[in-house]
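So the structure is just underneath, and the comments pick up after that.
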Amino acid sequence: MNGLSRTMGRVLGGPDDPRSAALRRFGLSITVLTVIGHTVLGFEQAYLTPVVAVVSGLAAEAVLGAVDAHARRVRPWYAAGSPGAVVDLLLPAYITALACAMLLYANDRLMPTVLATVAGVASKYVVRVRVAGRPRHILNPSNTGIVLVLLLFPWVGIAPPYQFTEWTSGAVDWVIPLAVLAAGTMLNAKLTHKMPLIAGWAGGFVAQGVIRWALTDISLASALLPMTGVAFVLFTNYMITDPGTTPSRPRHQAVFGATTAAVYGVLVQFHIVFGLFFALVIACVLRGLVLVAAERLARTPVRAPARVPAAARPASLLPESR
């Protein structure tokens, strides 16, 4: 196997690996949602927005992936050896592009979405920490790109949550979030194994709402109301559960989810808008700092206590004469 194939084997484990299957199913899901959103649900972005985002995302991944492979002296993505391996390498950029196109709203401007997509893809190569001697990216790509654009361009906002059911009415308004919830739950339970993270996030979200209700004048209903929307369901099942930037151990997953919810509660209490996205990027940074600290502790050699020569020992420490 060449270097890239070995890397893919470690990261995805082949086309039969659950992580590879999850990646492909998520790519299919977000494609279907994008098409249905622009034709049935009422997405307000231009039809050209997801197209331009995908082209820019794949181009960024192709260039940066090739440069990174050259720097690490492994085979580039286009020499992966099989079409399936190439698809697995390009799918994250494709998903990042569609997520940015779906969640950002810049009126008729396309460049903010392009910037978010390219920045998200680039974050995988620029912001890395070493875990067990290997570099790993720590920032959720699509979330990072979205946060960057929100900070740089105050006139750009998040797509209004109502767009997911804008052109529907009646019982369909309830069927859509339930369908998204069911599909996302199955994906995370069977393939990504991120249910502890979802439990920590959902439980933490309820806890921060109750705490804010108990300590301030906010109503409990308004604090918990975001949990009933399609946008929250999408964020819970498809954004915060990114396998590449979240812990794998169940206990650590729960802590990560609860931390994100706690940060969200603090941000909202200080009237910071778009709290979900800022909370997630802060939680990812905190996790990165923990990983760096753990790696340094693991590499710190444990020194054995120095042995004191017998002649230099105090008389009380010398062996007793018989």
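Ligands are numbered from 1 in the order shown, chains are lettered A, B, ... in the order of the structure tokens, and residues start at 1 in each chain.
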Which residues are close to A:Ile282, i.e. within 9 Å by only C-alpha atoms, leaving aside same-chain residues fewer than 5 positions away? Reply as a list of chain:residue names.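 Contacts, with the query itself left out: A:Thr260, A:Val263, A:Phe277, A:Arg287.
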For A:Thr185, please output as a list in words all residues within 10 Å (counting only C-alpha atoms; exclusion window: fewer than 3 positions along the same chain).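 Returned residues: Ala179, Val180, Leu181, Ala182, Asn188, Ala189, Lys190, Leu191, Thr192, His193, Lys194, Met195, Ile198, Val233, Thr236, Asn237 and Tyr238 of chain A.
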Hey, what's within 7 Å of A:Tyr264 if we count only C-alpha atoms and toss same-chain stuff fewer than 4 positions away? As a PyMOL selection string, please? chain A and resi 260+268+275-276+279
Could you turn the residues from that selection into a file that holds C-alpha atoms, as a PDB file, in the first residue's frame?
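The resulting file, selection_26.pdb, is reproduced below:
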```pdb
ATOM      1  CA  THR A 260     -21.004  23.369  24.021  1.00  0.00           C
ATOM      2  CA  VAL A 268     -26.946  34.023  24.843  1.00  0.00           C
ATOM      3  CA  GLY A 275     -24.784  31.432  19.719  1.00  0.00           C
ATOM      4  CA  LEU A 276     -24.946  27.857  18.426  1.00  0.00           C
ATOM      5  CA  ALA A 279     -20.415  27.950  21.070  1.00  0.00           C
TER       6      ALA A 279
END
```
Run DSSP on the backbone and give me the residues of stretch 121-319 of chain A it puts in strand (DSSP E or B), as a list in words. Arg128, Val129, Arg130, Val131, Arg134, Pro135, Arg136, His137, Gly157 and Ile158 of chain A
Would you write out those residues with N, CA, C and O atoms, as a PDB file, in the first residue's frame?
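The resulting out_25.pdb:
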```
ATOM      1  N   ARG A 128      -4.124  22.368  13.335  1.00  0.00           N
ATOM      2  CA  ARG A 128      -3.956  20.959  13.680  1.00  0.00           C
ATOM      3  C   ARG A 128      -3.210  20.825  15.001  1.00  0.00           C
ATOM      4  O   ARG A 128      -2.431  21.708  15.370  1.00  0.00           O
ATOM      5  N   VAL A 129      -3.472  19.729  15.679  1.00  0.00           N
ATOM      6  CA  VAL A 129      -2.697  19.371  16.867  1.00  0.00           C
ATOM      7  C   VAL A 129      -2.244  17.931  16.690  1.00  0.00           C
ATOM      8  O   VAL A 129      -2.830  17.166  15.922  1.00  0.00           O
ATOM      9  N   ARG A 130      -1.202  17.584  17.424  1.00  0.00           N
ATOM     10  CA  ARG A 130      -0.696  16.215  17.331  1.00  0.00           C
ATOM     11  C   ARG A 130      -1.329  15.358  18.410  1.00  0.00           C
ATOM     12  O   ARG A 130      -1.294  15.700  19.586  1.00  0.00           O
ATOM     13  N   VAL A 131      -1.878  14.237  17.991  1.00  0.00           N
ATOM     14  CA  VAL A 131      -2.461  13.259  18.905  1.00  0.00           C
ATOM     15  C   VAL A 131      -1.806  11.918  18.607  1.00  0.00           C
ATOM     16  O   VAL A 131      -1.891  11.422  17.475  1.00  0.00           O
ATOM     17  N   ARG A 134       0.416  11.993  15.562  1.00  0.00           N
ATOM     18  CA  ARG A 134      -0.130  12.273  14.237  1.00  0.00           C
ATOM     19  C   ARG A 134      -0.928  13.565  14.245  1.00  0.00           C
ATOM     20  O   ARG A 134      -1.659  13.838  15.208  1.00  0.00           O
ATOM     21  N   PRO A 135      -0.836  14.392  13.189  1.00  0.00           N
ATOM     22  CA  PRO A 135      -1.593  15.651  13.147  1.00  0.00           C
ATOM     23  C   PRO A 135      -3.074  15.390  12.915  1.00  0.00           C
ATOM     24  O   PRO A 135      -3.455  14.563  12.082  1.00  0.00           O
ATOM     25  N   ARG A 136      -3.920  16.110  13.666  1.00  0.00           N
ATOM     26  CA  ARG A 136      -5.367  15.995  13.510  1.00  0.00           C
ATOM     27  C   ARG A 136      -5.981  17.380  13.561  1.00  0.00           C
ATOM     28  O   ARG A 136      -5.565  18.213  14.365  1.00  0.00           O
ATOM     29  N   HIS A 137      -6.953  17.628  12.687  1.00  0.00           N
ATOM     30  CA  HIS A 137      -7.629  18.920  12.732  1.00  0.00           C
ATOM     31  C   HIS A 137      -8.673  18.894  13.835  1.00  0.00           C
ATOM     32  O   HIS A 137      -9.236  17.849  14.161  1.00  0.00           O
ATOM     33  N   GLY A 157     -25.949  37.018   7.499  1.00  0.00           N
ATOM     34  CA  GLY A 157     -26.602  36.354   8.622  1.00  0.00           C
ATOM     35  C   GLY A 157     -26.772  34.872   8.372  1.00  0.00           C
ATOM     36  O   GLY A 157     -26.371  34.331   7.333  1.00  0.00           O
ATOM     37  N   ILE A 158     -27.381  34.216   9.347  1.00  0.00           N
ATOM     38  CA  ILE A 158     -27.728  32.817   9.203  1.00  0.00           C
ATOM     39  C   ILE A 158     -29.080  32.722   8.505  1.00  0.00           C
ATOM     40  O   ILE A 158     -29.976  33.536   8.741  1.00  0.00           O
TER      41      ILE A 158
END
```
Dump as a tab-separated table the rows for residues of stretch 59-122 of chain A within 9 Å of stretch 25-32 of chain A: closest atom pair and distance in Å with one decimal, only C-alpha atoms counted, ordered by chain and rising residue number.
```
residue	atom	partner	partner_atom	distance
A:Leu91	CA	A:Gly27	CA	6.7
A:Pro92	CA	A:Gly27	CA	8.2
A:Tyr94	CA	A:Gly27	CA	7.5
A:Ile95	CA	A:Gly27	CA	5.8
A:Leu98	CA	A:Ile30	CA	7.0
A:Ala99	CA	A:Ile30	CA	7.6
```
Residues of the last selection are to be written out with N, CA, C and O atoms, as a PDB file, in the first residue's frame.
```
ATOM      1  N   LEU A  91     -15.327  14.011  -0.212  1.00  0.00           N
ATOM      2  CA  LEU A  91     -16.641  14.188   0.390  1.00  0.00           C
ATOM      3  C   LEU A  91     -16.680  15.224   1.519  1.00  0.00           C
ATOM      4  O   LEU A  91     -17.633  16.005   1.600  1.00  0.00           O
ATOM      5  N   PRO A  92     -15.691  15.263   2.428  1.00  0.00           N
ATOM      6  CA  PRO A  92     -15.757  16.292   3.479  1.00  0.00           C
ATOM      7  C   PRO A  92     -15.851  17.704   2.930  1.00  0.00           C
ATOM      8  O   PRO A  92     -16.606  18.534   3.463  1.00  0.00           O
ATOM      9  N   TYR A  94     -17.070  18.561   0.002  1.00  0.00           N
ATOM     10  CA  TYR A  94     -18.405  18.658  -0.616  1.00  0.00           C
ATOM     11  C   TYR A  94     -19.466  18.935   0.438  1.00  0.00           C
ATOM     12  O   TYR A  94     -20.338  19.808   0.258  1.00  0.00           O
ATOM     13  N   ILE A  95     -19.395  18.224   1.566  1.00  0.00           N
ATOM     14  CA  ILE A  95     -20.362  18.414   2.648  1.00  0.00           C
ATOM     15  C   ILE A  95     -20.208  19.799   3.261  1.00  0.00           C
ATOM     16  O   ILE A  95     -21.197  20.483   3.554  1.00  0.00           O
ATOM     17  N   LEU A  98     -21.885  22.398   0.930  1.00  0.00           N
ATOM     18  CA  LEU A  98     -23.348  22.429   0.967  1.00  0.00           C
ATOM     19  C   LEU A  98     -23.862  22.938   2.305  1.00  0.00           C
ATOM     20  O   LEU A  98     -24.904  23.610   2.364  1.00  0.00           O
ATOM     21  N   ALA A  99     -23.157  22.635   3.385  1.00  0.00           N
ATOM     22  CA  ALA A  99     -23.576  23.139   4.697  1.00  0.00           C
ATOM     23  C   ALA A  99     -23.468  24.657   4.750  1.00  0.00           C
ATOM     24  O   ALA A  99     -24.380  25.333   5.254  1.00  0.00           O
TER      25      ALA A  99
END
```
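Close contacts of A:Leu64, defined as residues with an atom at most 9 Å away when counting only C-alpha atoms, with chain neighbours fewer than 4 positions off set aside, comprise A:Ala59, A:Ala60, A:Asp68, A:Ala69, A:Val121, A:Ala122, A:Tyr125.
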Alpha helix (DSSP H) residues, from DSSP on the backbone, in stretch 20-168 of chain A, as an MDAnalysis selection string: chainID A and resid 20:36 48:72 83:103 111:126 141:152
Counting only C-alpha atoms, the option among A:Met186, A:Met111, A:Met102, A:Val51 closest to A:Val149: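 Distance minimum relative to A:Val149 lands on A:Met111.
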Let me make sure I understand: among A:Leu103, A:Leu115, A:Val255, A:Ala132, which one has the smallest atom-to-atom distance to A:Glu44 if we use only C-alpha atoms?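 Selected residue with least distance to A:Glu44: A:Leu103.
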From the list A:Val67, A:Ala254, A:Val281, A:Val175, which residue is nearest A:Ala199 when using only C-alpha atoms? A:Ala254
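Reported to one decimal place, the separation of atom CA of A:Thr96 from atom CA of A:Met239 is 10.0 Å.
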Write out as a ChimeraX atom specification each polymer residue whose atoms come within 8 Å of A:Pro247, counting only C-alpha atoms; drop sequence neighbours fewer than 5 positions from it. /A:252-253,256
Write the residues you've just listed into a file as a tab-separated table (two decimals), in the first residue's frame, and include N, CA and C atoms for each of them.
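part_29.tsv, freshly written:
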```tsv
chain	number	residue	atom	x	y	z
A	252	HIS	N	-16.26	11.28	27.11
A	252	HIS	CA	-15.72	12.52	26.56
A	252	HIS	C	-16.72	13.18	25.61
A	253	GLN	N	-17.47	12.37	24.88
A	253	GLN	CA	-18.51	12.92	24.01
A	253	GLN	C	-19.54	13.71	24.82
A	256	PHE	N	-18.15	16.96	25.94
A	256	PHE	CA	-18.05	17.90	24.82
A	256	PHE	C	-19.42	18.52	24.53
```
Among the residues A:Val206, A:Val273, A:Val230, A:Val172, the one that comes closest to A:Pro154 [using only C-alpha atoms]: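 Ranked by minimum distance to A:Pro154, first place goes to A:Val273.
Note that the spacing between atom CA of A:Ala119 and atom CA of A:Pro141 amounts to 7.7 Å.
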